[in-house]
Structure formats: C-alpha cells, structure tokens
$ cat coords_27.csv   # CSV, C-alpha atoms
chain,number,residue,atom,x,y,z
A,170,MET,CA,159.1,158.9,138.3
A,171,THR,CA,156.0,160.5,139.8
A,172,LEU,CA,153.4,158.6,141.9
A,173,LYS,CA,150.8,158.8,139.1
A,174,LYS,CA,153.2,157.2,136.6
A,175,LYS,CA,154.1,154.4,139.1
A,176,VAL,CA,150.4,153.7,139.8
A,177,LEU,CA,149.6,153.7,136.1
A,178,CYS,CA,152.5,151.3,135.4
A,179,ILE,CA,151.3,148.9,138.1
A,180,VAL,CA,147.7,149.1,136.8
A,181,LEU,CA,148.8,148.4,133.2
A,182,ALA,CA,151.1,145.5,134.3
A,183,CYS,CA,148.2,143.9,136.2
A,184,LEU,CA,145.9,144.4,133.3
A,185,ILE,CA,148.3,142.8,130.9
A,186,ILE,CA,148.8,139.9,133.3
A,187,VAL,CA,145.0,139.4,133.7
A,188,VAL,CA,144.3,139.6,129.9
A,189,GLY,CA,147.2,137.4,129.0
A,190,SER,CA,146.3,134.8,131.6
A,191,GLY,CA,142.7,134.8,130.3
A,192,ALA,CA,143.8,134.4,126.7
A,193,VAL,CA,146.1,131.5,127.6
A,194,TYR,CA,143.3,129.8,129.6
A,195,GLY,CA,140.7,130.4,126.9
A,196,PHE,CA,142.9,128.9,124.2
A,197,SER,CA,143.8,125.9,126.3
A,198,ILE,CA,140.1,125.3,127.0
A,199,LEU,CA,139.1,125.6,123.4
A,200,HIS,CA,141.9,123.4,122.3
A,201,GLY,CA,140.9,120.7,124.8
A,202,ILE,CA,137.2,120.7,123.7
A,203,ALA,CA,137.6,121.1,120.0
A,204,GLY,CA,137.5,117.3,119.5
A,205,GLU,CA,140.9,117.1,118.0
A,206,GLN,CA,141.9,114.6,120.6
A,207,LEU,CA,138.9,112.3,119.9
A,208,ASP,CA,139.9,108.8,118.9
A,209,GLU,CA,137.1,107.7,116.6
A,210,SER,CA,138.2,104.1,116.7
A,211,GLU,CA,137.0,104.0,120.4
A,212,LEU,CA,133.5,105.1,119.5
A,213,ASN,CA,130.9,102.3,119.4
A,214,ILE,CA,127.4,101.3,120.4
A,215,ASN,CA,127.1,99.5,123.8
A,216,ASP,CA,125.0,96.4,123.2
A,217,LEU,CA,125.5,95.2,126.8
A,218,LEU,CA,123.3,97.8,128.4
A,219,ASP,CA,121.2,96.7,131.4
A,220,GLU,CA,117.5,96.4,130.3
A,221,ASP,CA,116.4,97.4,133.8
A,222,VAL,CA,118.0,100.9,133.4
A,223,VAL,CA,116.5,103.6,131.3
A,224,ASN,CA,118.0,107.0,130.5
A,225,ILE,CA,115.7,109.9,129.6
A,226,ALA,CA,116.9,113.2,128.2
A,227,VAL,CA,115.0,116.2,129.6
A,228,PHE,CA,115.2,119.6,127.9
A,229,GLY,CA,113.7,122.8,129.3
A,230,LEU,CA,112.9,125.3,126.6
A,231,ASP,CA,113.3,129.1,126.7
A,232,GLY,CA,111.0,130.8,124.3
A,233,ARG,CA,110.9,134.6,124.1
A,234,ASP,CA,109.1,137.1,121.9
A,235,ASP,CA,112.2,139.0,121.0
A,236,VAL,CA,114.2,135.9,119.9
A,237,ASP,CA,113.3,133.7,116.9
A,238,GLY,CA,112.7,130.1,117.9
A,239,ASP,CA,113.2,128.3,121.2
A,240,ARG,CA,116.4,127.4,123.0
A,241,SER,CA,117.2,124.7,125.4
A,242,ASP,CA,118.0,126.4,128.7
A,243,THR,CA,118.1,123.2,130.8
A,244,ILE,CA,119.5,119.8,129.8
A,245,MET,CA,119.3,116.9,132.2
A,246,ILE,CA,119.6,113.1,131.9
A,247,ALA,CA,117.3,111.1,134.2
A,248,THR,CA,118.4,107.6,134.9
A,249,LEU,CA,115.8,105.2,136.2
A,250,ASN,CA,116.9,101.8,137.6
A,251,PHE,CA,113.8,99.6,137.8
A,252,LYS,CA,115.7,96.8,139.6
A,253,THR,CA,116.8,98.9,142.6
A,254,GLY,CA,114.3,101.7,142.4
A,255,ASN,CA,117.0,104.4,142.2
A,256,ILE,CA,116.6,107.5,140.2
A,257,LYS,CA,119.6,109.7,139.3
A,258,VAL,CA,119.5,113.1,137.6
A,259,THR,CA,122.6,114.4,135.8
A,260,SER,CA,122.7,118.1,134.7
A,261,VAL,CA,124.5,118.8,131.5
A,262,MET,CA,126.2,122.2,131.1
A,263,ARG,CA,124.2,124.4,128.8
A,264,ASP,CA,127.2,125.9,127.1
A,265,LEU,CA,128.8,122.5,126.3
A,266,MET,CA,130.6,122.5,123.0
A,267,VAL,CA,130.5,119.3,121.0
A,268,LYS,CA,132.2,118.5,117.7
A,269,ILE,CA,129.7,116.8,115.5
A,270,PRO,CA,131.4,115.2,112.5
A,271,GLU,CA,129.9,115.8,109.1
A,272,SER,CA,127.8,112.9,108.0
A,273,LYS,CA,127.9,111.4,104.5
A,274,LYS,CA,124.6,111.8,102.7
A,275,LYS,CA,123.3,108.9,100.8
$ encode --input "coords_27.csv" --output "structure tokens"
Amino acid sequence: MTLKKKVLCIVLACLIIVVGSGAVYGFSILHGIAGEQLDESELNINDLLDEDVVNIAVFGLDGRDDVDGDRSDTIMIATLNFKTGNIKVTSVMRDLMVKIPESKKK
C-alpha cells in the first residue's frame, strides 16, 4: 500500500469517527430535549411564592431590514428580592428548544 493510500485511509477513518460521533451526540441531545420524558402530572402552579420576590423577563430584540419581523436575541430573567435587596440575572440560552403542548380551543 502506498503512502498516499495510507494517509487517505487514516483521514477517511478520522472523518467517519468524527461524523459518527457528532451524529450520536446530536441524536442524544435531541432525544433528551424533545419533551418525551416530561411528566405532566408534576406540572403545577406554585401558589406559595414569596411576595417579596419578583421575576421579570427581559427580551432583547434583533430587527433587520433583510429579515421579516423581529427576533429575540437575548433572553434574561431578572429576580428582585425586596426583602434582602438582592438582584439576580439569569441568562436563558437563545437556542433553547421547548416542547409546547397543543392547547384545546374552546
């Protein structure tokens, strides 16, 4: 086997390993976030929230001339605790995938 064939075989093997690993990783991520593992019986409204704490959703909009409509490019949740004076800001991933169940229309 010539040197060129050996190098080509090694490159192809590495490429197959990288593509295969990426595909397995991608499918495992999509399977984990698809919402199939969501237990709807555990979903409820928390009536025991502290009245001294307020959560505010903050959205940054990205509007361009070449794209129809605006998109949210920043999503954050600001938590204000009036009792302690603490302020916390949590950044939400922009590419978060959420399964929203179909609602029944009345």
$ closest_residue --input "coords_27.csv" --among "A:Asn213, A:Asn250, A:Asp208, A:Val261" --to "Val227 of chain A" --atoms "all atoms listed in the file"
A:Val261
$ closest_residue --input "coords_27.csv" --among "A:Gly195, A:Asp235, A:Lys257, A:Thr243" --to "Val222 of chain A" --atoms "only C-alpha atoms"
A:Lys257
$ residues_around --input "coords_27.csv" --residues "Ala226 of chain A" --least-positions-apart "4" --cutoff "12 Å" --atoms "only C-alpha atoms" --output "ChimeraX atom specification"
/A:241,243-249,257-261
$ closest_residue --input "coords_27.csv" --among "A:Asp242, A:Glu209, A:Asp216, A:Asp221" --to "Gly254 of chain A" --atoms "only C-alpha atoms"
A:Asp221
$ atom_distance --input "coords_27.csv" --atom1 "atom CA of Glu271 of chain A" --atom2 "atom CA of Glu211 of chain A"
17.8 Å
$ atom_distance --input "coords_27.csv" --atom1 "atom CA of Gly238 of chain A" --atom2 "atom CA of Ser272 of chain A"
24.9 Å
$ atom_distance --input "coords_27.csv" --atom1 "atom CA of Arg263 of chain A" --atom2 "atom CA of Asp237 of chain A"
18.6 Å
$ build_atoms --input "coords_27.csv" --residues "segment 180-191 of chain A" --atoms "N, CA and C atoms" --output "short mmCIF file (atom, residue, chain, number, x, y, z; two decimals), keeping the file's coordinate frame"
data_model
loop_
_atom_site.label_atom_id
_atom_site.label_comp_id
_atom_site.auth_asym_id
_atom_site.auth_seq_id
_atom_site.Cartn_x
_atom_site.Cartn_y
_atom_site.Cartn_z
N VAL A 180 149.05 149.40 137.34
CA VAL A 180 147.70 149.10 136.80
C VAL A 180 147.83 148.42 135.45
N LEU A 181 148.65 149.00 134.57
CA LEU A 181 148.80 148.40 133.20
C LEU A 181 149.46 147.06 133.28
N ALA A 182 150.43 146.85 134.15
CA ALA A 182 151.10 145.50 134.30
C ALA A 182 150.05 144.50 134.77
N CYS A 183 149.24 144.86 135.74
CA CYS A 183 148.20 143.90 136.20
C CYS A 183 147.19 143.62 135.14
N LEU A 184 146.81 144.63 134.37
CA LEU A 184 145.90 144.40 133.30
C LEU A 184 146.43 143.50 132.22
N ILE A 185 147.69 143.69 131.88
CA ILE A 185 148.30 142.80 130.90
C ILE A 185 148.41 141.38 131.40
N ILE A 186 148.72 141.21 132.67
CA ILE A 186 148.80 139.90 133.30
C ILE A 186 147.42 139.19 133.24
N VAL A 187 146.38 139.92 133.62
CA VAL A 187 145.00 139.40 133.70
C VAL A 187 144.56 138.99 132.24
N VAL A 188 144.73 139.90 131.28
CA VAL A 188 144.30 139.60 129.90
C VAL A 188 145.11 138.50 129.31
N GLY A 189 146.40 138.48 129.53
CA GLY A 189 147.20 137.40 129.00
C GLY A 189 146.88 136.06 129.61
N SER A 190 146.65 136.03 130.90
CA SER A 190 146.30 134.80 131.60
C SER A 190 144.92 134.29 131.04
N GLY A 191 143.99 135.19 130.87
CA GLY A 191 142.70 134.80 130.30
C GLY A 191 142.76 134.27 128.93
#
